[in-house]
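Undergrad: Okay, so here is my_file_0.pdb, and as you'll see once you scroll down, it has PDB, C-alpha atoms and all ligand atoms.
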```
ATOM      1  CA  MET P   2     239.081   1.953 -75.590
ATOM      2  CA  LEU P   3     235.829   2.932 -77.233
ATOM      3  CA  VAL P   4     235.396   2.040 -80.881
ATOM      4  CA  LEU P   5     233.114   4.526 -82.642
ATOM      5  CA  THR P   6     231.965   4.121 -86.204
ATOM      6  CA  THR P   7     229.480   6.874 -86.987
ATOM      7  CA  PRO P   8     230.062  10.625 -87.263
ATOM      8  CA  ALA P   9     227.149  11.221 -84.871
ATOM      9  CA  GLN P  10     228.721   9.007 -82.168
ATOM     10  CA  MET P  11     232.072  10.717 -82.602
ATOM     11  CA  LEU P  12     230.668  14.221 -82.316
ATOM     12  CA  GLU P  13     228.544  13.299 -79.309
ATOM     13  CA  TYR P  14     231.597  11.859 -77.560
ATOM     14  CA  ALA P  15     233.706  14.928 -78.370
ATOM     15  CA  ARG P  16     231.065  17.313 -77.057
ATOM     16  CA  ALA P  17     230.627  15.332 -73.827
ATOM     17  CA  VAL P  18     234.375  15.202 -73.179
ATOM     18  CA  LYS P  19     234.855  18.894 -73.862
ATOM     19  CA  ALA P  20     231.926  19.791 -71.628
ATOM     20  CA  LYS P  21     233.937  18.217 -68.795
ATOM     21  CA  GLY P  22     236.915  20.430 -69.658
ATOM     22  CA  VAL P  23     238.987  17.522 -70.994
ATOM     23  CA  LYS P  24     241.164  18.221 -74.053
ATOM     24  CA  ILE P  25     241.162  16.065 -77.149
ATOM     25  CA  VAL P  26     244.339  14.925 -78.885
ATOM     26  CA  PHE P  27     243.833  13.577 -82.402
ATOM     27  CA  VAL P  28     245.977  11.346 -84.613
ATOM     28  CA  PRO P  29     244.368  10.779 -88.026
ATOM     29  CA  THR P  30     245.667   7.755 -89.959
ATOM     30  CA  MET P  31     244.858   5.410 -92.814
ATOM     31  CA  GLY P  32     245.577   2.361 -90.672
ATOM     32  CA  PHE P  33     248.021  -0.544 -91.042
ATOM     33  CA  LEU P  34     249.664   1.148 -88.101
ATOM     34  CA  HIS P  35     253.373   1.058 -87.303
ATOM     35  CA  GLU P  36     255.791   2.643 -84.834
ATOM     36  CA  GLY P  37     255.619   5.937 -86.740
ATOM     37  CA  HIS P  38     251.923   6.208 -85.936
ATOM     38  CA  ALA P  39     252.571   5.030 -82.356
ATOM     39  CA  SER P  40     255.220   7.734 -81.916
ATOM     40  CA  LEU P  41     252.655  10.403 -82.861
ATOM     41  CA  MET P  42     250.203   9.009 -80.293
ATOM     42  CA  ARG P  43     252.899   9.118 -77.591
ATOM     43  CA  LEU P  44     253.925  12.635 -78.603
ATOM     44  CA  GLY P  45     250.318  13.814 -78.378
ATOM     45  CA  LYS P  46     249.798  12.221 -74.963
ATOM     46  CA  LYS P  47     253.020  13.776 -73.714
ATOM     47  CA  ARG P  48     252.128  17.245 -74.969
ATOM     48  CA  CYS P  49     248.618  17.029 -73.561
ATOM     49  CA  PRO P  50     248.688  14.930 -70.386
ATOM     50  CA  GLY P  51     245.198  14.201 -69.159
ATOM     51  CA  GLY P  52     243.771  14.720 -72.637
ATOM     52  CA  ASP P  53     241.746  12.066 -74.411
ATOM     53  CA  LEU P  54     243.513  10.463 -77.363
ATOM     54  CA  VAL P  55     241.359   9.861 -80.436
ATOM     55  CA  VAL P  56     242.876   7.868 -83.312
ATOM     56  CA  SER P  57     241.016   7.632 -86.607
ATOM     57  CA  ILE P  58     241.516   5.044 -89.303
ATOM     58  CA  PHE P  59     240.043   6.055 -92.619
ATOM     59  CA  VAL P  60     241.418   5.178 -96.038
ATOM     60  CA  ASN P  61     240.249   8.333 -97.762
ATOM     61  CA  PRO P  62     239.113   7.691-101.344
ATOM     62  CA  ALA P  63     239.265  11.423-102.143
ATOM     63  CA  GLN P  64     243.043  11.562-101.809
ATOM     64  CA  PHE P  65     243.778   8.640-104.152
ATOM     65  CA  GLY P  66     244.113   9.070-107.913
ATOM     66  CA  PRO P  67     242.302   6.708-110.295
ATOM     67  CA  ASN P  68     245.458   4.632-110.899
ATOM     68  CA  GLU P  69     246.622   4.535-107.295
ATOM     69  CA  ASP P  70     246.460   1.833-104.632
ATOM     70  CA  LEU P  71     243.116   2.614-102.908
ATOM     71  CA  ALA P  72     241.639  -0.854-103.471
ATOM     72  CA  ARG P  73     244.722  -2.705-102.290
ATOM     73  CA  TYR P  74     245.803  -0.352 -99.493
ATOM     74  CA  PRO P  75     246.906  -2.711 -96.669
ATOM     75  CA  ARG P  76     244.539  -3.292 -93.752
ATOM     76  CA  ASP P  77     244.790  -5.148 -90.439
ATOM     77  CA  LEU P  78     242.198  -3.881 -88.014
ATOM     78  CA  THR P  79     242.939  -6.458 -85.311
ATOM     79  CA  ARG P  80     246.564  -5.397 -85.100
ATOM     80  CA  ASP P  81     245.693  -1.693 -85.389
ATOM     81  CA  ARG P  82     243.219  -1.973 -82.551
ATOM     82  CA  ALA P  83     245.810  -3.638 -80.318
ATOM     83  CA  LEU P  84     248.365  -0.918 -81.105
ATOM     84  CA  CYS P  85     245.909   1.869 -80.253
ATOM     85  CA  GLU P  86     244.926   0.079 -77.061
ATOM     86  CA  ARG P  87     248.602  -0.353 -76.131
ATOM     87  CA  GLU P  88     249.229   3.372 -76.675
ATOM     88  CA  GLY P  89     246.355   4.246 -74.372
ATOM     89  CA  ALA P  90     243.937   5.674 -76.924
ATOM     90  CA  GLU P  91     240.550   6.494 -75.432
ATOM     91  CA  VAL P  92     238.773   6.303 -78.790
ATOM     92  CA  LEU P  93     239.316   4.560 -82.093
ATOM     93  CA  PHE P  94     237.175   6.220 -84.762
ATOM     94  CA  LEU P  95     236.456   4.039 -87.792
ATOM     95  CA  PRO P  96     234.070   5.837 -90.120
ATOM     96  CA  THR P  97     232.944   4.258 -93.394
ATOM     97  CA  ALA P  98     233.479   5.984 -96.732
ATOM     98  CA  GLY P  99     229.688   6.280 -97.018
ATOM     99  CA  ALA P 100     229.507   8.146 -93.736
ATOM    100  CA  ILE P 101     232.231  10.621 -94.648
ATOM    101  CA  TYR P 102     231.030  11.046 -98.239
ATOM    102  CA  PRO P 103     227.290  10.369 -98.153
ATOM    103  CA  PRO P 104     225.282  10.538-101.381
ATOM    104  CA  GLY P 105     225.127  14.127-102.561
ATOM    105  CA  PHE P 106     228.409  15.134-100.895
ATOM    106  CA  ASP P 107     229.658  18.050-102.989
ATOM    107  CA  THR P 108     231.968  20.358-101.045
ATOM    108  CA  PHE P 109     235.767  20.243-101.140
ATOM    109  CA  ILE P 110     238.592  22.346 -99.757
ATOM    110  CA  GLU P 111     240.888  23.671-102.465
ATOM    111  CA  PRO P 112     244.391  24.238-101.094
ATOM    112  CA  GLY P 113     246.672  26.793-102.773
ATOM    113  CA  LYS P 114     250.193  27.096-104.142
ATOM    114  CA  ILE P 115     252.102  24.600-101.985
ATOM    115  CA  ALA P 116     249.583  21.908-102.899
ATOM    116  CA  THR P 117     250.397  22.312-106.609
ATOM    117  CA  LEU P 118     254.080  21.410-106.186
ATOM    118  CA  PHE P 119     255.857  18.023-105.860
ATOM    119  CA  GLU P 120     253.285  15.533-104.500
ATOM    120  CA  GLY P 121     250.495  17.794-105.715
ATOM    121  CA  ALA P 122     251.952  17.940-109.238
ATOM    122  CA  ILE P 123     252.386  14.169-109.443
ATOM    123  CA  ARG P 124     249.125  13.341-107.648
ATOM    124  CA  PRO P 125     246.581  15.923-108.875
ATOM    125  CA  GLY P 126     243.763  16.377-106.382
ATOM    126  CA  HIS P 127     245.638  14.559-103.617
ATOM    127  CA  PHE P 128     245.876  17.495-101.211
ATOM    128  CA  ARG P 129     242.323  18.595-102.015
ATOM    129  CA  GLY P 130     241.237  15.178-100.758
ATOM    130  CA  VAL P 131     243.524  15.402 -97.727
ATOM    131  CA  CYS P 132     242.328  18.892 -96.742
ATOM    132  CA  THR P 133     238.680  17.977 -97.193
ATOM    133  CA  VAL P 134     238.845  14.856 -95.054
ATOM    134  CA  VAL P 135     241.075  16.364 -92.367
ATOM    135  CA  ASN P 136     238.729  19.303 -92.074
ATOM    136  CA  LYS P 137     235.714  16.993 -91.791
ATOM    137  CA  LEU P 138     237.485  14.821 -89.210
ATOM    138  CA  PHE P 139     238.423  17.956 -87.234
ATOM    139  CA  ASN P 140     234.738  18.936 -87.185
ATOM    140  CA  LEU P 141     233.720  15.519 -85.844
ATOM    141  CA  VAL P 142     236.594  14.960 -83.383
ATOM    142  CA  GLN P 143     236.881  18.598 -82.194
ATOM    143  CA  PRO P 144     240.579  18.230 -81.326
ATOM    144  CA  ASP P 145     242.545  20.783 -79.315
ATOM    145  CA  LEU P 146     245.766  19.226 -80.628
ATOM    146  CA  ALA P 147     246.291  17.188 -83.818
ATOM    147  CA  VAL P 148     249.520  15.299 -84.452
ATOM    148  CA  PHE P 149     251.022  14.672 -87.907
ATOM    149  CA  GLY P 150     254.280  13.117 -89.114
ATOM    150  CA  ARG P 151     257.079  15.011 -90.816
ATOM    151  CA  LYS P 152     257.378  11.955 -93.068
ATOM    152  CA  ASP P 153     254.624  13.695 -95.060
ATOM    153  CA  ALA P 154     256.263  17.116 -94.859
ATOM    154  CA  GLN P 155     254.309  18.682 -97.702
ATOM    155  CA  GLN P 156     251.047  17.476 -96.175
ATOM    156  CA  VAL P 157     252.037  19.228 -92.942
ATOM    157  CA  ALA P 158     252.786  22.460 -94.826
ATOM    158  CA  VAL P 159     249.447  22.311 -96.677
ATOM    159  CA  LEU P 160     247.505  21.572 -93.473
ATOM    160  CA  LYS P 161     249.264  24.343 -91.515
ATOM    161  CA  GLN P 162     248.279  26.769 -94.246
ATOM    162  CA  MET P 163     244.673  25.502 -94.174
ATOM    163  CA  VAL P 164     244.435  25.825 -90.382
ATOM    164  CA  ARG P 165     245.829  29.360 -90.563
ATOM    165  CA  ASP P 166     243.747  30.508 -93.538
ATOM    166  CA  LEU P 167     240.457  29.098 -92.284
ATOM    167  CA  ALA P 168     241.084  29.911 -88.591
ATOM    168  CA  ILE P 169     240.472  26.303 -87.569
ATOM    169  CA  PRO P 170     240.737  26.217 -83.768
ATOM    170  CA  VAL P 171     243.313  23.439 -83.426
ATOM    171  CA  GLU P 172     247.030  23.283 -82.685
ATOM    172  CA  LEU P 173     249.126  21.162 -85.058
ATOM    173  CA  LEU P 174     252.054  19.211 -83.670
ATOM    174  CA  VAL P 175     254.615  17.561 -85.950
ATOM    175  CA  GLY P 176     256.527  14.393 -85.023
ATOM    176  CA  PRO P 177     259.846  13.223 -86.488
ATOM    177  CA  THR P 178     260.090  10.392 -89.032
ATOM    178  CA  MET P 179     260.496   6.947 -87.496
ATOM    179  CA  ARG P 180     262.764   4.585 -89.405
ATOM    180  CA  GLU P 181     263.694   0.918 -89.533
ATOM    181  CA  PRO P 182     267.102   0.185 -87.974
ATOM    182  CA  ASP P 183     268.650   0.255 -91.476
ATOM    183  CA  GLY P 184     267.200   3.725 -92.187
ATOM    184  CA  LEU P 185     264.132   2.964 -94.322
ATOM    185  CA  ALA P 186     261.348   5.330 -93.271
ATOM    186  CA  LEU P 187     258.413   3.393 -91.811
ATOM    187  CA  SER P 188     255.429   3.420 -94.124
ATOM    188  CA  SER P 189     252.313   1.293 -94.427
ATOM    189  CA  ARG P 190     253.281   0.889 -98.099
ATOM    190  CA  ASN P 191     256.612  -0.803 -97.261
ATOM    191  CA  VAL P 192     254.656  -4.059 -97.106
ATOM    192  CA  TYR P 193     254.323  -3.925-100.910
ATOM    193  CA  LEU P 194     258.113  -4.117-101.415
ATOM    194  CA  ASN P 195     259.697  -7.425-102.381
ATOM    195  CA  PRO P 196     263.140  -8.113-100.819
ATOM    196  CA  GLU P 197     265.012  -6.712-103.815
ATOM    197  CA  GLU P 198     262.948  -3.517-103.921
ATOM    198  CA  ARG P 199     263.222  -3.224-100.128
ATOM    199  CA  ALA P 200     267.039  -3.363-100.342
ATOM    200  CA  GLN P 201     267.165  -0.800-103.154
ATOM    201  CA  ALA P 202     264.759   1.544-101.360
ATOM    202  CA  LEU P 203     267.502   2.169 -98.797
ATOM    203  CA  ALA P 204     268.973   4.465-101.461
ATOM    204  CA  LEU P 205     266.453   7.113-100.331
ATOM    205  CA  ASN P 206     267.946   7.296 -96.870
ATOM    206  CA  ASP P 207     271.489   7.002 -98.309
ATOM    207  CA  ALA P 208     270.791   9.983-100.573
ATOM    208  CA  LEU P 209     269.467  12.060 -97.670
ATOM    209  CA  ARG P 210     272.493  11.159 -95.560
ATOM    210  CA  GLU P 211     274.932  12.029 -98.376
ATOM    211  CA  ALA P 212     273.134  15.317 -99.010
ATOM    212  CA  ARG P 213     273.355  16.189 -95.333
ATOM    213  CA  ALA P 214     277.078  15.392 -95.375
ATOM    214  CA  LEU P 215     277.591  17.646 -98.421
ATOM    215  CA  ILE P 216     275.752  20.472 -96.687
ATOM    216  CA  ALA P 217     277.704  19.951 -93.461
ATOM    217  CA  GLY P 218     280.857  20.189 -95.586
ATOM    218  CA  GLY P 219     279.778  23.653 -96.742
ATOM    219  CA  GLU P 220     278.090  22.949-100.112
ATOM    220  CA  PRO P 221     275.625  25.835-100.571
ATOM    221  CA  ARG P 222     274.386  25.052-104.114
ATOM    222  CA  GLY P 223     270.972  23.488-104.464
ATOM    223  CA  ASP P 224     271.910  22.023-107.837
ATOM    224  CA  ALA P 225     274.887  20.107-106.511
ATOM    225  CA  ILE P 226     272.745  18.601-103.763
ATOM    226  CA  ARG P 227     269.900  17.692-106.119
ATOM    227  CA  ARG P 228     272.333  16.047-108.549
ATOM    228  CA  ARG P 229     273.996  14.008-105.809
ATOM    229  CA  MET P 230     270.692  12.714-104.434
ATOM    230  CA  ALA P 231     269.398  11.857-107.917
ATOM    231  CA  GLU P 232     272.641  10.036-108.716
ATOM    232  CA  ILE P 233     272.449   7.878-105.579
ATOM    233  CA  VAL P 234     268.826   6.869-106.164
ATOM    234  CA  GLY P 235     269.436   6.502-109.925
ATOM    235  CA  ARG P 236     272.107   3.851-109.312
ATOM    236  CA  GLN P 237     269.415   1.398-108.235
ATOM    237  CA  PRO P 238     268.114  -0.543-111.241
ATOM    238  CA  LEU P 239     264.578  -0.844-109.847
ATOM    239  CA  ALA P 240     264.315   2.855-108.923
ATOM    240  CA  ARG P 241     262.442   5.449-110.951
ATOM    241  CA  LEU P 242     262.964   8.887-109.455
ATOM    242  CA  ASP P 243     260.018  11.309-109.357
ATOM    243  CA  TYR P 244     261.973  14.152-107.782
ATOM    244  CA  ALA P 245     265.044  14.956-105.713
ATOM    245  CA  ASP P 246     265.076  18.514-104.475
ATOM    246  CA  VAL P 247     266.050  20.928-101.764
ATOM    247  CA  VAL P 248     263.383  23.471-100.916
ATOM    248  CA  ASP P 249     262.509  26.201 -98.461
ATOM    249  CA  ALA P 250     260.793  24.392 -95.581
ATOM    250  CA  ALA P 251     257.880  26.836 -95.350
ATOM    251  CA  SER P 252     257.100  27.628 -99.017
ATOM    252  CA  PHE P 253     258.465  24.502-100.748
ATOM    253  CA  ARG P 254     260.193  26.832-103.214
ATOM    254  CA  THR P 255     263.221  25.193-104.886
ATOM    255  CA  LEU P 256     266.428  26.763-103.597
ATOM    256  CA  ASP P 257     269.391  27.779-105.769
ATOM    257  CA  THR P 258     271.386  28.610-102.669
ATOM    258  CA  LEU P 259     270.610  26.985 -99.347
ATOM    259  CA  THR P 260     269.563  29.314 -96.587
ATOM    260  CA  GLY P 261     267.557  29.081 -93.353
ATOM    261  CA  ASP P 262     265.268  26.118 -92.789
ATOM    262  CA  CYS P 263     265.437  23.792 -95.785
ATOM    263  CA  LEU P 264     263.985  20.411 -96.633
ATOM    264  CA  LEU P 265     265.591  17.676 -98.666
ATOM    265  CA  LEU P 266     262.820  15.983-100.636
ATOM    266  CA  LEU P 267     262.756  12.646-102.424
ATOM    267  CA  ALA P 268     260.128  10.561-104.161
ATOM    268  CA  ALA P 269     260.763   7.430-106.209
ATOM    269  CA  LYS P 270     259.122   4.244-107.322
ATOM    270  CA  PHE P 271     260.732   0.923-106.540
ATOM    271  CA  GLY P 272     258.963  -1.487-108.810
ATOM    272  CA  PRO P 273     255.287  -0.535-108.558
ATOM    273  CA  THR P 274     255.620   0.988-105.091
ATOM    274  CA  ARG P 275     255.995   4.724-104.692
ATOM    275  CA  LEU P 276     257.876   5.964-101.617
ATOM    276  CA  ILE P 277     258.596   9.450-100.325
ATOM    277  CA  ASP P 278     261.162  10.618 -97.801
ATOM    278  CA  ASN P 279     262.621  13.904 -96.571
ATOM    279  CA  GLU P 280     264.949  15.418 -94.000
ATOM    280  CA  PRO P 281     265.015  18.920 -92.568
ATOM    281  CA  VAL P 282     268.318  20.818 -92.605
ATOM    282  CA  SER P 283     269.046  24.191 -91.057
ATOM    283  CA  ILE P 284     271.674  26.530 -92.453
ATOM    284  CA  PRO P 285     272.902  28.785 -89.647
TER     285      PRO P 285
HETATM  286  P1  LIG M 301     249.101   7.511 -92.915
HETATM  287  O1  LIG M 301     248.451   6.408 -92.150
HETATM  288  O2  LIG M 301     250.181   7.045 -93.840
HETATM  289  O3  LIG M 301     248.108   8.439 -93.574
HETATM  290  O4  LIG M 301     249.842   8.401 -91.847
HETATM  291  C1  LIG M 301     249.179   8.913 -90.724
HETATM  292  C2  LIG M 301     250.115   9.858 -90.006
HETATM  293  O5  LIG M 301     251.302   9.159 -89.621
HETATM  294  C3  LIG M 301     250.571  11.026 -90.898
HETATM  295  O6  LIG M 301     250.609  12.203 -90.110
HETATM  296  C4  LIG M 301     251.948  10.591 -91.325
HETATM  297  O7  LIG M 301     252.802  11.670 -91.632
HETATM  298  C5  LIG M 301     252.431   9.863 -90.084
HETATM  299  N1  LIG M 301     253.534   8.948 -90.397
HETATM  300  C6  LIG M 301     253.609   8.073 -91.434
HETATM  301  N2  LIG M 301     254.798   7.446 -91.448
HETATM  302  C7  LIG M 301     255.502   7.938 -90.405
HETATM  303  C8  LIG M 301     256.811   7.695 -89.881
HETATM  304  N3  LIG M 301     257.650   6.817 -90.451
HETATM  305  N4  LIG M 301     257.210   8.391 -88.796
HETATM  306  C9  LIG M 301     256.381   9.301 -88.200
HETATM  307  N5  LIG M 301     255.131   9.570 -88.641
HETATM  308  C10 LIG M 301     254.700   8.906 -89.725
END
```
Spell out the structure here as structure tokens.
TA:
Amino acid sequence: MLVLTTPAQMLEYARAVKAKGVKIVFVPTMGFLHEGHASLMRLGKKRCPGGDLVVSIFVNPAQFGPNEDLARYPRDLTRDRALCEREGAEVLFLPTAGAIYPPGFDTFIEPGKIATLFEGAIRPGHFRGVCTVVNKLFNLVQPDLAVFGRKDAQQVAVLKQMVRDLAIPVELLVGPTMREPDGLALSSRNVYLNPEERAQALALNDALREARALIAGGEPRGDAIRRRMAEIVGRQPLARLDYADVVDAASFRTLDTLTGDCLLLLAAKFGPTRLIDNEPVSIP
């Protein structure tokens, strides 16, 4: 596995590979890798056999708010490197913040409506930072296929819109959410949870499961589903709910009556740690 650190090295590699007719599969991450990230690498390799797998690790300052966890975001490059190696990555791209945002950097991508809702409302500027860095990474890595996790469902919706609107020549592939055996969605931020918070955070998955059961039982009302999810999370003394909602999977519009492809959405803080989770549901 090659470890590249500068944008120039990355672009040179990408051009050389593509000149040979080899495809590039890309998994962008912020590191502290887990089985969720590994599953995206495997999915990409499977979809594009013979392609080169490029994994990036970049904790993107532009997508963190001033009171968020940028400075203490967990890091373990030795372990991350071993995981990428194990998954057969050809390249690990580790740019510095100074290389991505050199002095004088002054151009950002401004995503539209979807980026103003939910995560975008609570984290102003978050998706602007995501779109800007993903676009820059796409330019350097030149991927044919880029793989993202449904764990960050709104991010996927915002990026799909960006790729469509700006005619970015890349295919996006979305992988399912990997979970711990007890149902907690894998996240690099889970490491912040103390045992009590960790136990109470299971309420997110419980709420999604209960909501799915309600829907399977024929409940069509968005309100009833929202209330049930909020109640389950609200029972936990350390939980502070940001939102519990059921939305249209494409537009993220809140649904009064469930129809078509929907998404159950949850975000809550457990102690100081903010977690998000979601599940897709289809109404036939
Ligand atoms: P991050 O390192 O948190 O920025 O995530 C990098 C990529 O991994 C994003 O596309 C995430 O959606 C995805 N991801 C994060 N957690 C999971 C998970 N539990 N299962 C599948 N994909 C995930």
Undergrad: Using only C-alpha atoms, pick whichever of P:Ala63, P:Leu239, P:Leu44, P:Leu78 has the shortest atom-to-atom distance to Val175 of chain P.
TA: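 Among P:Ala63, P:Leu239, P:Leu44, P:Leu78, it is P:Leu44 that comes nearest to Val175 of chain P.
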Undergrad: Residues at most 7 Å from ligand LIG 301 (chain M), using only C-alpha atoms and all ligand atoms? Could they come as a count of residues only?
TA: 25
Undergrad: Determine, counting all atoms listed in the file, which protein, DNA and RNA residues have an atom within 12 Å of an atom of Gly45 of chain P; residues of the same chain fewer than 3 positions away are not included. Present the result as a PDB file with C-alpha atoms, in the coordinates of the input.
TA:
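Okay, this is what ended up in out06.pdb:
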```pdb
ATOM      1  CA  LYS P  24     241.164  18.221 -74.053  1.00  0.00           C
ATOM      2  CA  ILE P  25     241.162  16.065 -77.149  1.00  0.00           C
ATOM      3  CA  VAL P  26     244.339  14.925 -78.885  1.00  0.00           C
ATOM      4  CA  PHE P  27     243.833  13.577 -82.402  1.00  0.00           C
ATOM      5  CA  VAL P  28     245.977  11.346 -84.613  1.00  0.00           C
ATOM      6  CA  PRO P  29     244.368  10.779 -88.026  1.00  0.00           C
ATOM      7  CA  HIS P  38     251.923   6.208 -85.936  1.00  0.00           C
ATOM      8  CA  ALA P  39     252.571   5.030 -82.356  1.00  0.00           C
ATOM      9  CA  SER P  40     255.220   7.734 -81.916  1.00  0.00           C
ATOM     10  CA  LEU P  41     252.655  10.403 -82.861  1.00  0.00           C
ATOM     11  CA  MET P  42     250.203   9.009 -80.293  1.00  0.00           C
ATOM     12  CA  ARG P  48     252.128  17.245 -74.969  1.00  0.00           C
ATOM     13  CA  CYS P  49     248.618  17.029 -73.561  1.00  0.00           C
ATOM     14  CA  PRO P  50     248.688  14.930 -70.386  1.00  0.00           C
ATOM     15  CA  GLY P  51     245.198  14.201 -69.159  1.00  0.00           C
ATOM     16  CA  GLY P  52     243.771  14.720 -72.637  1.00  0.00           C
ATOM     17  CA  ASP P  53     241.746  12.066 -74.411  1.00  0.00           C
ATOM     18  CA  LEU P  54     243.513  10.463 -77.363  1.00  0.00           C
ATOM     19  CA  VAL P  55     241.359   9.861 -80.436  1.00  0.00           C
ATOM     20  CA  VAL P  56     242.876   7.868 -83.312  1.00  0.00           C
ATOM     21  CA  GLU P  88     249.229   3.372 -76.675  1.00  0.00           C
ATOM     22  CA  GLY P  89     246.355   4.246 -74.372  1.00  0.00           C
ATOM     23  CA  ALA P  90     243.937   5.674 -76.924  1.00  0.00           C
ATOM     24  CA  PRO P 144     240.579  18.230 -81.326  1.00  0.00           C
ATOM     25  CA  ASP P 145     242.545  20.783 -79.315  1.00  0.00           C
ATOM     26  CA  LEU P 146     245.766  19.226 -80.628  1.00  0.00           C
ATOM     27  CA  ALA P 147     246.291  17.188 -83.818  1.00  0.00           C
ATOM     28  CA  VAL P 148     249.520  15.299 -84.452  1.00  0.00           C
ATOM     29  CA  PHE P 149     251.022  14.672 -87.907  1.00  0.00           C
ATOM     30  CA  GLY P 150     254.280  13.117 -89.114  1.00  0.00           C
ATOM     31  CA  GLU P 172     247.030  23.283 -82.685  1.00  0.00           C
ATOM     32  CA  LEU P 173     249.126  21.162 -85.058  1.00  0.00           C
ATOM     33  CA  LEU P 174     252.054  19.211 -83.670  1.00  0.00           C
ATOM     34  CA  VAL P 175     254.615  17.561 -85.950  1.00  0.00           C
ATOM     35  CA  GLY P 176     256.527  14.393 -85.023  1.00  0.00           C
TER      36      GLY P 176
END
```
Undergrad: Could you tell me how far atom CA of Tyr244 of chain P sits from atom CA of Arg228 of chain P, in Å to one decimal place?
TA: 10.6 Å
Undergrad: Quick check on the file I pasted: which residues fall under the PyMOL selection byres (((chain P and resi 5) around 8) and not hetatm)? Write them as a list in words.
TA: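 Here the PyMOL selection byres (((chain P and resi 5) around 8) and not hetatm) matches Leu3, Val4, Thr6, Thr7, Gln10, Met11, Val92, Leu93, Phe94, Leu95 and Pro96 of chain P.
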Undergrad: Enumerate, as an MDAnalysis selection string, the residues matched when the PyMOL selection byres (((chain P and resi 276) around 10) and not hetatm) is run on the file above.
TA: chainID P and resid 186 188 190:191 202 205 242:243 267:271 273:275 277:278
Undergrad: Using Å and a single decimal, report how far atom CA of Leu215 of chain P sits from atom CA of Val282 of chain P.
TA: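 It comes out at 11.4 Å.
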Undergrad: Which is closest to Ile216 of chain P among P:Leu265, P:Ser252, P:Gln201, P:Gly99, if we use all atoms listed in the file?
TA: P:Leu265
Undergrad: Near Asp224 of chain P, within 9 Å and counting all atoms listed in the file, which residues show up once chain neighbours fewer than 5 positions away are dropped, as a PyMOL selection string?
TA: chain P and resi 229+246-247+256-258
Undergrad: Quick one: distance from atom CA of Pro238 of chain P to atom CA of Tyr193 of chain P in Å, one decimal?
TA: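 If I compute the distance from atom CA of Pro238 of chain P to atom CA of Tyr193 of chain P, I get 17.6 Å.
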Undergrad: Hey, what comes out of the PyMOL selection byres (((chain P and resi 141) around 10) and not hetatm) on this file? Could you write it as an MDAnalysis selection string?
TA: chainID P and resid 7:16 94 135:140 142:144
